[in-house]
Every structure is written in C-alpha cells, then in structure tokens.
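Student: Just my_file28.csv, nothing more (CSV, C-alpha atoms and all ligand atoms):
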```csv
chain,number,residue,atom,x,y,z
H,1,MET,CA,-19.3,23.6,-19.5
H,2,ARG,CA,-21.9,21.1,-20.7
H,3,PRO,CA,-23.0,18.8,-17.8
H,4,VAL,CA,-21.7,15.2,-17.9
H,5,HIS,CA,-24.3,12.6,-18.7
H,6,ARG,CA,-22.5,9.3,-19.4
H,7,VAL,CA,-19.4,8.2,-17.3
H,8,PHE,CA,-16.9,5.6,-18.3
H,9,VAL,CA,-15.5,3.7,-15.3
H,10,THR,CA,-12.5,1.4,-15.2
H,11,GLY,CA,-12.1,-1.0,-12.3
H,12,ALA,CA,-15.9,-1.1,-11.9
H,13,THR,CA,-15.8,-4.9,-11.1
H,14,GLY,CA,-13.6,-4.2,-8.0
H,15,PHE,CA,-14.4,-3.5,-4.4
H,16,VAL,CA,-14.3,0.3,-4.8
H,17,GLY,CA,-15.6,0.2,-8.3
H,18,ARG,CA,-18.9,-1.4,-7.4
H,19,ALA,CA,-19.5,1.3,-4.8
H,20,VAL,CA,-18.6,4.0,-7.2
H,21,VAL,CA,-21.0,2.6,-9.8
H,22,GLN,CA,-23.8,2.7,-7.2
H,23,ALA,CA,-22.9,6.3,-6.2
H,24,LEU,CA,-22.8,7.5,-9.8
H,25,ARG,CA,-26.2,5.9,-10.5
H,26,GLY,CA,-27.5,7.6,-7.3
H,27,GLU,CA,-26.4,11.0,-8.7
H,28,GLY,CA,-28.3,10.3,-11.9
H,29,TYR,CA,-25.4,9.4,-14.3
H,30,VAL,CA,-25.5,6.8,-17.0
H,31,VAL,CA,-22.6,4.5,-16.2
H,32,ARG,CA,-20.5,2.6,-18.8
H,33,CYS,CA,-18.1,0.0,-17.2
H,34,LEU,CA,-15.0,-1.4,-18.7
H,35,VAL,CA,-15.1,-5.1,-18.0
H,36,ARG,CA,-12.4,-7.7,-18.5
H,37,ARG,CA,-13.6,-11.0,-20.1
H,38,GLY,CA,-14.6,-13.3,-17.2
H,39,SER,CA,-15.2,-10.5,-14.7
H,40,GLU,CA,-18.8,-9.8,-15.8
H,41,PRO,CA,-20.3,-11.7,-12.8
H,42,ASP,CA,-18.7,-9.2,-10.4
H,43,LEU,CA,-21.2,-6.6,-11.6
H,44,ARG,CA,-24.2,-8.7,-10.7
H,45,GLY,CA,-26.6,-6.6,-8.7
H,46,VAL,CA,-25.3,-3.2,-9.4
H,47,GLY,CA,-28.3,-2.3,-11.5
H,48,ALA,CA,-28.7,-0.9,-15.1
H,49,ILE,CA,-25.3,-0.1,-16.6
H,50,GLU,CA,-23.6,-0.2,-20.0
H,51,ARG,CA,-20.7,-2.7,-20.3
H,52,VAL,CA,-17.8,-2.7,-22.8
H,53,GLU,CA,-15.3,-5.5,-22.8
H,54,GLY,CA,-11.7,-4.3,-22.6
H,55,ASP,CA,-8.5,-3.9,-20.6
H,56,VAL,CA,-6.5,-0.8,-19.7
H,57,LEU,CA,-3.5,-2.4,-21.4
H,58,ALA,CA,-5.4,-2.6,-24.7
H,59,PRO,CA,-5.6,1.0,-26.0
H,60,GLN,CA,-7.8,0.4,-29.0
H,61,LEU,CA,-10.6,-1.1,-26.9
H,62,LEU,CA,-10.4,2.0,-24.7
H,63,ASP,CA,-10.8,4.4,-27.6
H,64,GLU,CA,-13.9,2.5,-28.8
H,65,GLY,CA,-15.4,2.1,-25.3
H,66,MET,CA,-15.1,5.8,-24.3
H,67,ALA,CA,-17.0,7.1,-27.4
H,68,GLY,CA,-19.9,9.3,-26.2
H,69,CYS,CA,-18.7,9.6,-22.6
H,70,GLY,CA,-18.4,13.0,-20.9
H,71,ALA,CA,-16.2,11.8,-18.0
H,72,VAL,CA,-13.8,9.0,-17.1
H,73,ILE,CA,-13.2,7.6,-13.6
H,74,HIS,CA,-10.1,5.5,-13.6
H,75,LEU,CA,-10.0,3.1,-10.6
H,76,VAL,CA,-7.9,0.2,-11.9
H,77,GLY,CA,-5.1,-0.8,-9.5
H,78,ILE,CA,-3.4,-4.0,-8.2
H,79,ILE,CA,-1.9,-4.7,-4.8
H,80,ARG,CA,0.0,-7.8,-5.9
H,81,GLU,CA,2.1,-8.4,-9.1
H,82,HIS,CA,1.8,-11.6,-11.1
H,83,ILE,CA,5.1,-11.9,-12.9
H,84,ALA,CA,4.1,-15.0,-14.8
H,85,THR,CA,1.4,-13.0,-16.7
H,86,ASN,CA,3.5,-9.8,-16.9
H,87,THR,CA,1.0,-8.1,-14.6
H,88,THR,CA,3.4,-5.7,-13.0
H,89,PHE,CA,2.7,-2.5,-11.0
H,90,TYR,CA,4.4,-0.5,-13.7
H,91,ARG,CA,2.3,-1.9,-16.5
H,92,VAL,CA,-1.1,-1.7,-14.7
H,93,HIS,CA,-0.6,1.6,-12.8
H,94,VAL,CA,1.6,3.6,-15.1
H,95,GLN,CA,1.1,2.2,-18.6
H,96,GLY,CA,-2.6,1.6,-17.9
H,97,THR,CA,-3.0,5.2,-16.7
H,98,VAL,CA,-1.1,6.6,-19.8
H,99,ASN,CA,-3.5,4.6,-22.0
H,100,VAL,CA,-6.6,5.7,-20.2
H,101,VAL,CA,-5.6,9.3,-20.2
H,102,ALA,CA,-4.7,9.3,-23.9
H,103,ALA,CA,-8.0,7.6,-24.8
H,104,ALA,CA,-9.9,10.1,-22.6
H,105,ALA,CA,-8.2,13.0,-24.3
H,106,ALA,CA,-9.0,11.6,-27.7
H,107,ALA,CA,-12.6,11.0,-26.8
H,108,GLY,CA,-12.8,14.7,-25.7
H,109,VAL,CA,-14.0,13.9,-22.1
H,110,ARG,CA,-14.7,16.9,-19.9
H,111,ARG,CA,-13.7,15.4,-16.6
H,112,TYR,CA,-11.2,12.8,-15.5
H,113,VAL,CA,-11.1,11.4,-12.0
H,114,HIS,CA,-8.1,9.3,-10.9
H,115,MET,CA,-7.8,6.8,-8.0
H,116,SER,CA,-4.3,6.9,-6.5
H,117,ALA,CA,-3.4,5.9,-2.9
H,118,LEU,CA,-2.2,7.6,0.3
H,119,GLY,CA,1.6,7.3,0.4
H,120,ALA,CA,2.1,7.8,-3.3
H,121,ARG,CA,5.1,10.1,-3.4
H,122,GLU,CA,8.4,10.6,-5.1
H,123,GLY,CA,11.0,8.3,-3.6
H,124,ALA,CA,8.4,6.0,-1.9
H,125,ARG,CA,9.7,2.8,-0.5
H,126,SER,CA,7.2,0.4,-2.0
H,127,ARG,CA,6.8,-0.2,-5.7
H,128,TYR,CA,3.0,0.1,-5.3
H,129,HIS,CA,3.4,3.7,-4.1
H,130,GLN,CA,6.2,4.5,-6.5
H,131,THR,CA,4.1,3.5,-9.5
H,132,LYS,CA,1.0,5.2,-8.1
H,133,TRP,CA,3.1,8.3,-7.9
H,134,ALA,CA,4.3,7.9,-11.5
H,135,ALA,CA,0.7,7.4,-12.6
H,136,GLU,CA,-0.3,10.7,-10.8
H,137,GLU,CA,2.5,12.5,-12.6
H,138,ALA,CA,1.1,11.3,-16.0
H,139,VAL,CA,-2.3,12.6,-14.9
H,140,ARG,CA,-0.9,16.0,-13.8
H,141,ALA,CA,0.9,16.3,-17.1
H,142,CYS,CA,-2.3,15.9,-19.2
H,143,ALA,CA,-4.6,18.7,-20.4
H,144,LEU,CA,-7.8,17.1,-19.0
H,145,PRO,CA,-9.6,18.7,-16.1
H,146,TRP,CA,-8.4,16.0,-13.6
H,147,THR,CA,-9.1,15.2,-9.9
H,148,ILE,CA,-6.9,12.8,-7.9
H,149,PHE,CA,-8.0,10.9,-4.8
H,150,ARG,CA,-5.5,9.3,-2.5
H,151,PRO,CA,-7.2,7.1,0.1
H,152,SER,CA,-5.8,5.4,3.1
H,153,VAL,CA,-7.3,1.9,3.7
H,154,ILE,CA,-10.9,1.7,2.4
H,155,TYR,CA,-13.2,-0.7,4.3
H,156,GLY,CA,-16.6,-2.2,3.5
H,157,ARG,CA,-18.1,-5.5,2.4
H,158,GLY,CA,-15.4,-7.5,0.5
H,159,ASP,CA,-12.5,-5.2,1.2
H,160,GLY,CA,-8.9,-6.4,1.3
H,161,LEU,CA,-8.0,-5.6,5.0
H,162,VAL,CA,-10.9,-5.5,7.4
H,163,SER,CA,-12.6,-8.5,5.9
H,164,PRO,CA,-9.6,-10.8,6.1
H,165,LEU,CA,-8.9,-9.5,9.7
H,166,VAL,CA,-12.5,-10.4,10.6
H,167,ARG,CA,-11.9,-13.9,9.3
H,168,LEU,CA,-8.7,-14.2,11.4
H,169,VAL,CA,-10.5,-12.9,14.5
H,170,ARG,CA,-13.3,-15.5,14.0
H,171,ARG,CA,-11.1,-18.4,13.3
H,172,LEU,CA,-7.8,-18.1,15.2
H,173,PRO,CA,-7.3,-18.1,18.9
H,174,VAL,CA,-4.4,-15.6,18.5
H,175,VAL,CA,-4.4,-13.0,15.7
H,176,PRO,CA,-0.9,-12.4,14.2
H,177,LEU,CA,0.0,-8.8,13.5
H,178,VAL,CA,2.7,-7.2,11.3
H,179,GLY,CA,3.9,-3.7,10.8
H,180,SER,CA,4.1,-0.7,13.0
H,181,GLY,CA,2.4,1.9,10.9
H,182,ARG,CA,-0.9,3.7,11.6
H,183,LEU,CA,-3.9,3.6,9.3
H,184,GLN,CA,-7.0,5.8,8.8
H,185,PRO,CA,-9.7,3.5,7.5
H,186,VAL,CA,-12.5,5.2,5.5
H,187,PRO,CA,-15.8,3.7,4.5
H,188,VAL,CA,-16.1,2.7,0.8
H,189,GLU,CA,-19.5,4.4,0.5
H,190,GLN,CA,-17.9,7.8,1.4
H,191,VAL,CA,-15.0,7.4,-1.0
H,192,ALA,CA,-17.5,6.5,-3.7
H,193,GLN,CA,-19.8,9.4,-2.9
H,194,ALA,CA,-16.8,11.8,-3.1
H,195,VAL,CA,-15.7,10.4,-6.4
H,196,ALA,CA,-19.2,10.7,-7.9
H,197,ARG,CA,-19.7,14.3,-6.5
H,198,ALA,CA,-16.3,15.4,-7.9
H,199,LEU,CA,-17.7,15.2,-11.4
H,200,GLY,CA,-20.1,18.0,-10.8
H,201,LEU,CA,-17.8,20.2,-8.6
H,202,PRO,CA,-15.7,22.7,-10.6
H,203,ALA,CA,-13.6,23.4,-7.4
H,204,ALA,CA,-12.4,19.8,-7.6
H,205,VAL,CA,-10.6,20.3,-10.9
H,206,LYS,CA,-6.8,20.0,-10.6
H,207,GLN,CA,-7.1,19.1,-6.9
H,208,THR,CA,-5.6,16.1,-5.1
H,209,TYR,CA,-7.6,14.9,-2.1
H,210,GLU,CA,-6.0,12.8,0.6
H,211,VAL,CA,-8.8,10.6,2.0
H,212,GLY,CA,-8.9,9.1,5.5
H,213,GLY,CA,-11.6,8.5,8.1
H,214,PRO,CA,-11.8,10.3,11.5
H,215,ASP,CA,-9.9,7.6,13.5
H,216,VAL,CA,-6.2,6.8,13.3
H,217,VAL,CA,-5.4,3.3,14.4
H,218,THR,CA,-2.6,0.7,14.5
H,219,LEU,CA,-3.4,-2.7,13.1
H,220,GLY,CA,-3.7,-4.0,16.7
H,221,GLU,CA,-6.2,-1.3,17.6
H,222,LEU,CA,-8.2,-2.1,14.4
H,223,VAL,CA,-8.3,-5.8,15.5
H,224,ASP,CA,-9.6,-4.7,18.9
H,225,LEU,CA,-12.3,-2.6,17.3
H,226,ILE,CA,-13.3,-5.5,15.1
H,227,GLY,CA,-13.5,-7.7,18.2
H,228,THR,CA,-15.8,-5.2,19.9
H,229,ALA,CA,-18.0,-4.9,16.8
H,230,LEU,CA,-18.2,-8.8,16.8
H,231,GLY,CA,-19.1,-8.7,20.5
H,232,ARG,CA,-15.8,-10.3,21.6
H,233,ARG,CA,-14.5,-9.2,25.0
H,234,ARG,CA,-10.8,-9.7,24.4
H,235,ILE,CA,-8.7,-10.6,21.3
H,236,LEU,CA,-5.4,-12.2,21.8
H,237,LYS,CA,-2.8,-10.8,19.4
H,238,LEU,CA,0.8,-11.7,18.6
H,239,HIS,CA,3.1,-9.2,17.0
H,240,VAL,CA,5.3,-10.9,14.5
H,241,PRO,CA,8.8,-9.4,14.6
H,242,GLY,CA,9.7,-7.5,11.4
H,243,ALA,CA,12.6,-9.8,10.5
H,244,VAL,CA,10.5,-12.9,10.8
H,245,ALA,CA,7.6,-11.4,8.8
H,246,ARG,CA,10.0,-10.4,6.0
H,247,VAL,CA,11.6,-13.9,5.7
H,248,ALA,CA,8.2,-15.6,5.9
H,249,THR,CA,6.7,-13.2,3.3
H,250,ARG,CA,9.6,-13.6,0.9
H,251,THR,CA,9.5,-17.4,1.2
H,252,LEU,CA,5.7,-17.8,1.1
H,253,GLN,CA,4.4,-15.0,-1.1
H,254,ALA,CA,4.1,-17.2,-4.2
H,255,LEU,CA,1.5,-19.4,-2.4
H,256,PRO,CA,-2.0,-18.3,-3.7
H,257,TYR,CA,-3.5,-17.9,-0.3
H,258,PHE,CA,-0.6,-16.3,1.5
H,259,PRO,CA,-2.0,-12.8,2.4
H,260,LEU,CA,1.1,-10.6,2.2
H,261,THR,CA,3.8,-9.5,-0.2
H,262,PRO,CA,7.1,-7.8,0.7
H,263,ASP,CA,5.7,-4.6,-0.8
H,264,GLN,CA,2.7,-4.7,1.5
H,265,LEU,CA,5.0,-5.3,4.5
H,266,LEU,CA,6.9,-2.2,3.6
H,267,MET,CA,3.6,-0.2,3.5
H,268,LEU,CA,2.3,-1.6,6.8
H,269,ASP,CA,5.5,-0.3,8.5
H,270,GLU,CA,4.6,3.3,7.4
H,271,ASP,CA,2.0,5.6,8.7
H,272,ASN,CA,-0.8,6.0,6.2
H,273,VAL,CA,-2.6,9.0,7.7
H,274,CYS,CA,-3.8,12.4,6.6
H,275,ASP,CA,-6.0,15.4,7.6
H,276,PRO,CA,-9.4,13.7,8.1
H,277,ALA,CA,-11.3,17.0,7.6
H,278,SER,CA,-10.4,17.7,3.9
H,279,LEU,CA,-12.8,15.1,2.3
H,280,PRO,CA,-15.9,15.8,4.4
H,281,ALA,CA,-15.4,19.6,3.9
H,282,ALA,CA,-14.9,19.4,0.1
H,283,PHE,CA,-17.8,16.9,-0.6
H,284,GLY,CA,-20.3,17.6,2.2
H,285,LEU,CA,-19.8,14.2,3.9
H,286,GLU,CA,-20.4,13.4,7.6
H,287,PRO,CA,-17.3,11.7,9.1
H,288,LEU,CA,-18.2,8.2,10.3
H,289,PRO,CA,-16.4,7.0,13.4
H,290,LEU,CA,-14.6,3.7,12.8
H,291,ALA,CA,-16.3,1.9,15.6
H,292,THR,CA,-19.7,2.9,14.2
H,293,GLY,CA,-18.7,1.9,10.6
H,294,LEU,CA,-17.4,-1.5,11.8
H,295,ARG,CA,-20.6,-2.1,13.8
H,296,ARG,CA,-22.7,-1.4,10.8
H,297,LEU,CA,-20.5,-3.6,8.6
H,298,LEU,CA,-20.4,-6.5,11.0
H,299,GLY,CA,-23.5,-6.2,13.0
V,301,LIG,N1,-9.0,-0.9,-1.3
V,301,LIG,C1,-8.3,0.0,-0.7
V,301,LIG,O1,-8.2,0.0,0.6
V,301,LIG,C2,-7.6,1.0,-1.5
V,301,LIG,C3,-6.9,2.1,-0.8
V,301,LIG,C4,-6.2,3.0,-1.5
V,301,LIG,C5,-6.3,3.0,-2.9
V,301,LIG,N2,-7.0,2.0,-3.5
V,301,LIG,C6,-7.0,2.1,-5.0
V,301,LIG,O2,-8.4,2.0,-5.4
V,301,LIG,C7,-8.5,1.3,-6.6
V,301,LIG,C8,-9.5,0.2,-6.6
V,301,LIG,O3,-9.1,-0.7,-5.5
V,301,LIG,P1,-10.0,-2.0,-5.1
V,301,LIG,O4,-9.7,-2.2,-3.7
V,301,LIG,O5,-11.4,-1.8,-5.7
V,301,LIG,O6,-9.2,-3.1,-6.0
V,301,LIG,P2,-9.9,-4.5,-6.6
V,301,LIG,O7,-11.1,-4.9,-5.8
V,301,LIG,O8,-8.7,-5.4,-6.7
V,301,LIG,O9,-10.3,-4.0,-8.0
V,301,LIG,C9,-9.4,-3.8,-9.0
V,301,LIG,C10,-10.1,-3.5,-10.3
V,301,LIG,O10,-9.2,-3.2,-11.4
V,301,LIG,C11,-9.5,-4.1,-12.5
V,301,LIG,N3,-8.3,-4.4,-13.3
V,301,LIG,C12,-7.1,-4.8,-12.9
V,301,LIG,N4,-6.3,-4.9,-13.9
V,301,LIG,C13,-7.0,-4.5,-15.0
V,301,LIG,C14,-6.6,-4.3,-16.4
V,301,LIG,N5,-5.4,-4.6,-16.9
V,301,LIG,N6,-7.6,-3.8,-17.2
V,301,LIG,C15,-8.8,-3.5,-16.7
V,301,LIG,N7,-9.2,-3.6,-15.4
V,301,LIG,C16,-8.3,-4.1,-14.6
V,301,LIG,C17,-10.1,-5.3,-11.8
V,301,LIG,O11,-10.8,-6.0,-12.8
V,301,LIG,P3,-11.1,-7.6,-12.7
V,301,LIG,O12,-12.3,-7.7,-11.9
V,301,LIG,O13,-11.3,-8.1,-14.1
V,301,LIG,O14,-9.9,-8.2,-12.0
V,301,LIG,C18,-11.0,-4.7,-10.8
V,301,LIG,O15,-12.1,-4.2,-11.4
V,301,LIG,C19,-7.1,0.9,-7.0
V,301,LIG,O16,-6.5,1.8,-7.8
V,301,LIG,C20,-6.4,0.9,-5.6
V,301,LIG,O17,-5.0,1.0,-5.8
V,301,LIG,C21,-7.6,1.1,-2.9
```
Could the structure of this file be written out as structure tokens, please?
Tutor:
Amino acid sequence: MRPVHRVFVTGATGFVGRAVVQALRGEGYVVRCLVRRGSEPDLRGVGAIERVEGDVLAPQLLDEGMAGCGAVIHLVGIIREHIATNTTFYRVHVQGTVNVVAAAAAAGVRRYVHMSALGAREGARSRYHQTKWAAEEAVRACALPWTIFRPSVIYGRGDGLVSPLVRLVRRLPVVPLVGSGRLQPVPVEQVAQAVARALGLPAAVKQTYEVGGPDVVTLGELVDLIGTALGRRRILKLHVPGAVARVATRTLQALPYFPLTPDQLLMLDEDNVCDPASLPAAFGLEPLPLATGLRRLLG
C-alpha cells in the first residue's frame, strides 16, 4: 500500500484534536484540518497545517476538503446537546460519521481512524454512548481500512474533567462529587500518539482499541490526587446523593455554566475502565502513572 502523506482531521480545533495534529506533524504527516467558521483561533500555535472550512453535517464541503488526502481521522464528538440549534448526539455522532465515511470512501482514502468512547455498546444507558455505538456500527460496515479508539477520560491542558475539578479544588472549601463509577484517565499526548501511529500500522486495521491509563480511580480519588499534585494536604469532599444530583441536573442543565447533563450523570454512575495494557502494547507507549501525569500537568 502507498504510504499516507496527507491526513484529513475532523475535530482538530478540540482538546484531543490539537494534540492529534501535533502528533501527526511529529510523525511527518501533512495535516489538513476541517475547521468550522469561527473556530480558526483554536488552532493558533499548532504550527504549519492546511485548513478547509466545513462541517461534518455538510457533506459537499467534506468531499471537496478530502481531495488529495490519503487518510482521515474523525474526532468530532459532543458531550452536550443543543436542541435549539438541532445539535443532537444523533446528528453529530451518527449522521456526521456517515457523512465523513462516505466522503472518505469517495476520496479513495487508504486509512480511516475513528474516535469513539469507552462505554459505547449496544443497549448503553446514555444517549452519548448509544450514538457513539451507532457511529461505530457505521464504521464497521464500511469498506475502508478502519481503526476505532475507545478512550476512558482523557486528561491534559484544557480537558473537560480534570481542569474543571482543579478549578473546584482551588476555589471551593468543599468539592461536590457525583456518581459512583470508576474512571481510568489517560494523558491526551498518549492518545494522540496512538492515533497518529495507527496510520502506519497495518496490524491496527479493523481493530478496536479500548484506551485507559494505568490507574483506576473514583472521582473522589481523582480529586485527592489533584490535591496532592497541587500541594494540598487534605481536600474536603461532599458526595451529592444521586437523587439530589438528578433533580439539580434536570432543573439547571439549561444554564450555560452548569457543568453536568443528565446523560453525563448516567455515565458517571458507570465504571469506565478497560485493560490498561492493550494501548501501550499495540503502540509502543510507556504507561504514565496518573499521579505523575497530574504533577506534570499542574506543577
Ligand atoms: N475528552 C475526553 O475525555 C474524551 C473521552 C472519550 C472520547 N472522547 C471523544 O474524543 C473526541 C474529541 O473530544 P474532545 O474532548 O476533543 O472534544 P472537544 O474539545 O469538544 O472538541 C470537539 C471537536 O469537534 C468539533 N465539532 C463539533 N461539531 C462539529 C461539526 N458539526 N462539524 C465539524 N466539527 C465539529 C469541534 O469544533 P469547534 O471547535 O468548531 O466547536 C471540535 O473541534 C470526541 O469524539 C469525543 O467523544 C473524548
């Protein structure tokens, strides 16, 4: 197979996307990013890249944007729906993936890498996981040489879980906690490295990789590790009862700064863990203990 030279990336302006762009450039690929109008500033500082304006819900722009690319990395995803703008999990995750896969096939790409999420499965409780699963099914049904990644929580600068928890630890005398599930946070740089390396790894074709770091923690344990990384001796925590959290979330979710949705609450009640050895073994990565990763991030 001809080696891939130019890679088309969706979701490049996001938290994971920016790291993936860096990793791809580090591996010597030319990177072309799909960028929605208004999101261009989010790519400041990522270095020399090609940009095409578009949206995964606008198939024609995808067809034009992918011309000349040998591979596609599809990272787009949302954690919160915006009903007023018809931004639903189904449209973004499932229809968006169907559009991207169709455009990739029409462009004759030789590799397709898909970002799903740990917990995506048939009959999942949350609509996030249900639609991530339906998107995976669309990928598995296509003729492209695909690879699927299913990460647990990904952490790093600007992430959606550790960074908000750090703010709570810094600002509040008592940190409220919800959910009883366990997580397996993995550093964004390692996820990005694996995604970039998958393009040149024939053994990764038609493989689904569950992705988690070496430590399994509850939210409370994660807060304690954050406290330690910040040099705090003891963090006071309050576990909000499930029923209270559900009522509060249903009532307040529409507020722009309220951090949780009912769907996220469902997910936080589930274990989100996997075999930590599979990713390092497949992609030659050294597992990074969570305490070390947090110290590097917050030190
Ligand atoms: N972060 C995690 O802990 C985690 C864990 C497991 C799986 N994942 C998956 O990893 C992927 C990336 O997550 P992330 O944390 O980087 O999310 P993020 O920071 O919210 O980034 C989402 C990206 O998707 C883009 N996007 C959203 N709707 C789009 C559309 N209709 N057309 C084109 N682009 C669109 C956003 O563009 P704009 O900048 O224009 O908004 C942004 O680039 C997602 O699929 C997510 O489900 C993340």
Student: For each of H:Arg171, H:Tyr29, H:Val273, H:Pro176, take the minimum atom-to-atom distance to ligand LIG 301 (chain V), counting all atoms listed in the file, then give the residue where this is smallest.
Tutor: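 Selected residue with least distance to ligand LIG 301 (chain V): H:Val273.
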Student: So which residues are near ligand LIG 301 (chain V), meaning at most 7 Å away with all atoms listed in the file counted, given back as a PyMOL selection string?
Tutor: chain H and resi 10-17+34-36+38-39+42+54-57+75-79+92+96+115-118+150-155+159-160
Student: Would you mind telling me which residue in H:Gly181, H:Gly231, H:Gly158, H:Gly200 lies nearest to Gly28 in chain H when using all atoms listed in the file?
Tutor: H:Gly200
Student: Report the distance between CA of Gln60 in chain H and CA of Ala106 in chain H in Å, rounded to one decimal place.
Tutor: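 So the two atoms, CA of Gln60 in chain H and CA of Ala106 in chain H, lie 11.3 Å apart.
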Student: Between CA of Asp224 in chain H and CA of Ser180 in chain H, what is the distance, to one decimal in Å?
Tutor: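 We find that CA of Asp224 in chain H and CA of Ser180 in chain H lie 15.4 Å from each other.
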